[in-house]
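Structure, as structure tokens:
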Amino acid sequence: MRLLDLLENISFKCIQGTVDAEVSAVIYDSRKEVVPGCLFVCIEGAKSDGHEYAEEMAEKGAGVLVVSRPVEAVKGKKVTVIQVEDTRYALAFISAAWFGHPAGKLCVIGITGTKGKTTTTYLVKSILENAGFKVGLIGTIETVIGEEHVHAENTTPESYLLQEDFARMAQAGLDAVVMEVSSQALKLHRTQGFVFDYGIFTNLEPDHIGENEHASFEEYMACKGLLFRQCRTGIVNGDDVHTEKLLEGHTCEVETYGTGADCMLRAENLELVQTPGELGVNFHVSGLMDFDAHMPAPGRFSVYNALCAIAICRHFRVSVPDIQKALKDAHVKGRIERVRISDQFTLLIDYAHNAMALESLLSTLKEYRPGRLVCMFGCGGNRSRQRRYEMGEVSGRLADFTVITSDNPRFEEPQDIIADIREGIDRTDGEYVEICDRREAIAYVISHAEKGDLIVLAGKGHEDYQEIRGVKYPMDERVIIQELLDSGLAHI
């Protein structure tokens, strides 16, 4: 492909060589095999800088280097050098051109927010597919293209990989793609090079603030807001206190959803539903649509997720019966996921892995007035110790009984992490036990379950591994539960 065609939407300066060069491949990772005549984009990362490998890439046969600052070592070498202001930004546009601008062949739906992104993507996919659309998905758990499911490394892939996924989806004949858009992806320009048909905002609370993430809540919010300068229609939570600030400078048409009277699509008459087989909620949809709905997942945040999905699918003219059926059938792995053990008590698996998410989850479950609310969780190693204190305090305050266990200890000692959690829970009157081995902890909560208990295994969610000293060992809580049942610990 001609270099000039790859640079068509980028401001650049040709430092040496010619823009008429032919490009054989696009590479941005110095660890990848160099193809003669390839274009290498020098990305400045948190741990390494691609500019340091520019000379090596040229010597190995790269035909073009894209840089954001001069690289003296390649002056005079037989390589074209293109200078841009930001190489990550340039990579997104180069990648889009390399794959033939595949986003233009799909309806692209991007969902951002602190909570609800994953659940909402699956709800949208379920509703649209139930109505006959072919839908791809890109998110925290996986990338789905037709029958192919690929484990996700990042919530939103690097721009080159994202465009490659779009191209594969277009080639597979898909109509649309629904994707999670993280604040980091927006900050690092992974979603540049195309325009979203629909940009979605779920909610905003302080998160991802710290080293190698966001310097402040204000920066976190500003990055989320970038989506609404890169979409045609914005669909936002009208009840969130940050929505107005987040939309500053938006260039899209805006629609709102929520429970407030000013929201364009509203949920009214919320009613909690509890049966031996389900924790759910009934509500009425009013405003832009008018019908009764049911979600087989607990609490107000489930209503927001459903309402957001409805607001999106309205634009696809999905019928009310198709929406109602899809909502009832939708289930998301590791998000308030019920595992059937017994009609005497309820067992849930959820990804809640910080204090904010755990408080939201436990507060919601308490509204169902269980006999006891039992929470089993641990915290990840090599992460903020403050998170451990906070999660311990939340569980001690809201749960009737807590089982402190191990999560992904990584390179820390599990017992040291448990000690930090204990420090938080000791600030409350909450009762607890410590069982370091997660399998043993699961066996304990099941074997000690009482009639009317609501038990939540928090923190792992969709994850099917436990990371210890750099190694990921198989650990799927669903598999463990079935093995415990098969061993006679409990009966369905």
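Here's how to read the names in the structure tokens: chain A, B, ... by the order shown, residue numbers from 1 in each chain, ligand numbers from 1 in the order shown.
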
Under the rule of at most 8 Å, produce a per-residue listing of range 119-237 of chain A near range 94-109 of chain A: chain, number, name, the closest pair of atoms, and the distance in Å, as CSV, using only C-alpha atoms.
```
residue,atom,partner,partner_atom,distance
A:Ser159,CA,A:Ser95,CA,6.8
A:Tyr160,CA,A:Ser95,CA,5.0
A:Gln163,CA,A:Ala96,CA,5.8
A:Glu164,CA,A:Phe99,CA,6.6
A:Phe166,CA,A:Pro102,CA,5.6
A:Ala167,CA,A:Pro102,CA,5.0
A:Ala170,CA,A:Lys105,CA,6.2
A:Leu174,CA,A:Leu106,CA,7.2
A:Asp175,CA,A:Leu106,CA,5.5
A:Ala176,CA,A:Cys107,CA,4.4
A:Val177,CA,A:Val108,CA,5.1
A:Val178,CA,A:Ile109,CA,4.7
A:Met179,CA,A:Ile109,CA,6.2
A:Gly193,CA,A:Ala96,CA,5.7
A:Phe194,CA,A:Ala103,CA,6.5
A:Val195,CA,A:Ala103,CA,7.9
A:Phe196,CA,A:Val108,CA,5.2
A:Asp197,CA,A:Val108,CA,5.3
A:Tyr198,CA,A:Ile109,CA,4.8
A:Gly199,CA,A:Ile109,CA,6.1
A:Ile200,CA,A:Ile109,CA,7.6
```

Practice problem: Run DSSP on the backbone and give me the residues of range 132-207 of chain A it puts in helix (DSSP H, G or I), as a VMD selection string. | Solution: chain A and resid 159 to 171 183 to 187

Only C-alpha atoms, please: the residues just picked out, written as a compact mmCIF listing (two decimals), in the first residue's frame.
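Result file follows (part03.txt):
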```
# COMPACT_ATOMS: atom_id res chain seq x y z
CA SER A 159 -5.90 0.79 17.60
CA TYR A 160 -4.24 -1.58 15.09
CA LEU A 161 -5.87 -4.63 16.71
CA LEU A 162 -9.19 -2.82 16.94
CA GLN A 163 -9.17 -2.01 13.23
CA GLU A 164 -8.15 -5.60 12.48
CA ASP A 165 -11.17 -6.81 14.48
CA PHE A 166 -13.44 -4.40 12.61
CA ALA A 167 -12.09 -5.70 9.31
CA ARG A 168 -12.74 -9.31 10.29
CA MET A 169 -16.26 -8.40 11.41
CA ALA A 170 -17.01 -6.62 8.14
CA GLN A 171 -15.62 -9.56 6.17
CA SER A 183 -10.92 5.91 29.61
CA GLN A 184 -7.37 4.67 28.95
CA ALA A 185 -8.30 3.82 25.36
CA LEU A 186 -9.67 7.32 24.83
CA LYS A 187 -6.64 8.88 26.50
```

Self-check item: Nearest to Thr243 in chain A by atom-to-atom distance, counting only C-alpha atoms, from A:Val394, A:Leu204, A:Leu279, A:Val374
Solution: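 Ranked by minimum distance to Thr243 in chain A, first place goes to A:Leu204.
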
Quiz item: Do you have the CA of Leu288 in chain A-CA of Arg266 in chain A distance handy?
Solution: 8.0 Å

Self-check item: 12 Å contact set for Leu362 in chain A, only C-alpha atoms, chain neighbours under 4 positions out, as a PyMOL selection string
Solution: chain A and resi 298-299+336+348+350+352+355-358+366-370+372-376+391+394-402+454-458

Writing out the chosen residues with C-alpha atoms as a PDB file, in the first residue's frame:
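Just written: result23.pdb:
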```
ATOM      1  CA  PRO A 298     -31.201  -7.555  40.930  1.00  0.00           C
ATOM      2  CA  GLY A 299     -31.392  -3.893  41.705  1.00  0.00           C
ATOM      3  CA  ILE A 336     -24.359 -10.979  39.237  1.00  0.00           C
ATOM      4  CA  LEU A 348     -24.001 -15.374  43.012  1.00  0.00           C
ATOM      5  CA  ASP A 350     -19.693 -11.139  40.590  1.00  0.00           C
ATOM      6  CA  ALA A 352     -16.851  -6.548  42.076  1.00  0.00           C
ATOM      7  CA  ALA A 355     -14.855  -0.832  47.227  1.00  0.00           C
ATOM      8  CA  MET A 356     -17.166   1.157  44.972  1.00  0.00           C
ATOM      9  CA  ALA A 357     -18.378  -1.896  43.064  1.00  0.00           C
ATOM     10  CA  LEU A 358     -18.654  -4.021  46.207  1.00  0.00           C
ATOM     11  CA  LYS A 366     -29.577  -6.091  51.006  1.00  0.00           C
ATOM     12  CA  GLU A 367     -32.723  -4.606  49.477  1.00  0.00           C
ATOM     13  CA  TYR A 368     -33.922  -8.182  48.916  1.00  0.00           C
ATOM     14  CA  ARG A 369     -33.861  -8.760  52.698  1.00  0.00           C
ATOM     15  CA  PRO A 370     -31.982 -12.076  52.758  1.00  0.00           C
ATOM     16  CA  ARG A 372     -28.048 -13.472  55.859  1.00  0.00           C
ATOM     17  CA  LEU A 373     -25.921 -11.648  53.328  1.00  0.00           C
ATOM     18  CA  VAL A 374     -22.622 -13.552  53.060  1.00  0.00           C
ATOM     19  CA  CYS A 375     -19.692 -12.085  51.132  1.00  0.00           C
ATOM     20  CA  MET A 376     -16.548 -13.992  50.145  1.00  0.00           C
ATOM     21  CA  MET A 391     -13.181  -3.364  50.625  1.00  0.00           C
ATOM     22  CA  VAL A 394     -17.454  -2.148  53.047  1.00  0.00           C
ATOM     23  CA  SER A 395     -18.008  -5.878  53.545  1.00  0.00           C
ATOM     24  CA  GLY A 396     -17.808  -5.574  57.322  1.00  0.00           C
ATOM     25  CA  ARG A 397     -20.409  -2.823  57.277  1.00  0.00           C
ATOM     26  CA  LEU A 398     -22.870  -4.279  54.768  1.00  0.00           C
ATOM     27  CA  ALA A 399     -22.518  -8.071  54.894  1.00  0.00           C
ATOM     28  CA  ASP A 400     -23.781 -10.150  57.801  1.00  0.00           C
ATOM     29  CA  PHE A 401     -20.799 -12.448  57.457  1.00  0.00           C
ATOM     30  CA  THR A 402     -17.551 -12.176  55.462  1.00  0.00           C
ATOM     31  CA  LEU A 454     -27.740 -14.759  49.852  1.00  0.00           C
ATOM     32  CA  ILE A 455     -24.087 -15.610  49.164  1.00  0.00           C
ATOM     33  CA  VAL A 456     -21.868 -13.660  46.776  1.00  0.00           C
ATOM     34  CA  LEU A 457     -18.422 -14.752  45.595  1.00  0.00           C
ATOM     35  CA  ALA A 458     -16.868 -11.400  44.697  1.00  0.00           C
TER      36      ALA A 458
END
```

Quiz prompt | CA of Phe291 in chain A to CA of Lys328 in chain A, distance in Å rounded to a single decimal | solution = 14.2 Å

Exercise. Name the closest residue to Glu463 in chain A among the candidates A:Glu52, A:Glu148, A:Glu142, A:Glu8; distances are taken between atoms, counting only C-alpha atoms.
Key: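 Closest to Glu463 in chain A of all the choices is A:Glu142.
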
Exercise. Go ahead and compute the interatomic distance for CA of Asn305 in chain A and CA of Gln230 in chain A, in Å to one decimal.
Key: 22.3 Å

Practice problem: Determine, counting only C-alpha atoms, which protein, DNA and RNA residues have an atom within 9 Å of an atom of range 38-47 of chain A; residues of the same chain fewer than 4 positions away are not included. Present the result as an NGL selection string. | Solution: :A and (3 or 22-30 or 34 or 51-54 or 57-58 or 61-68 or 86-88 or 90-91 or 212)

Exercise. Name all residues at most 7 Å from Ala152 in chain A (count only C-alpha atoms; drop same-chain ones fewer than 4 positions away) and give them as a count of residues only.
Key: 5

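Across A:Gly260, A:Gly424, A:Gly110, A:Gly132, the tightest approach to Ile312 in chain A is made by A:Gly110 when counting only C-alpha atoms.
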
Exercise. Name the residues of range 158-273 of chain A that come out as strand (DSSP E) in a backbone DSSP run; write them as a PyMOL selection string.
Key: chain A and resi 176-180+196-201+231-237+253-258+265-273

Go through range 214-273 of chain A and flag each residue having an atom no more than 10 Å from range 113-119 of chain A; for those, report the closest pair of atoms plus their distance in Å to one decimal, using only C-alpha atoms, ordered by chain and rising number, as a Markdown table.
```
| residue | atom | partner | partner_atom | distance |
| --- | --- | --- | --- | --- |
| A:Tyr220 | CA | A:Thr114 | CA | 9.9 |
| A:Met221 | CA | A:Gly113 | CA | 9.1 |
| A:Lys224 | CA | A:Gly113 | CA | 7.0 |
| A:Gly225 | CA | A:Gly113 | CA | 9.6 |
| A:Val236 | CA | A:Gly113 | CA | 9.8 |
| A:Asn237 | CA | A:Gly113 | CA | 9.7 |
```
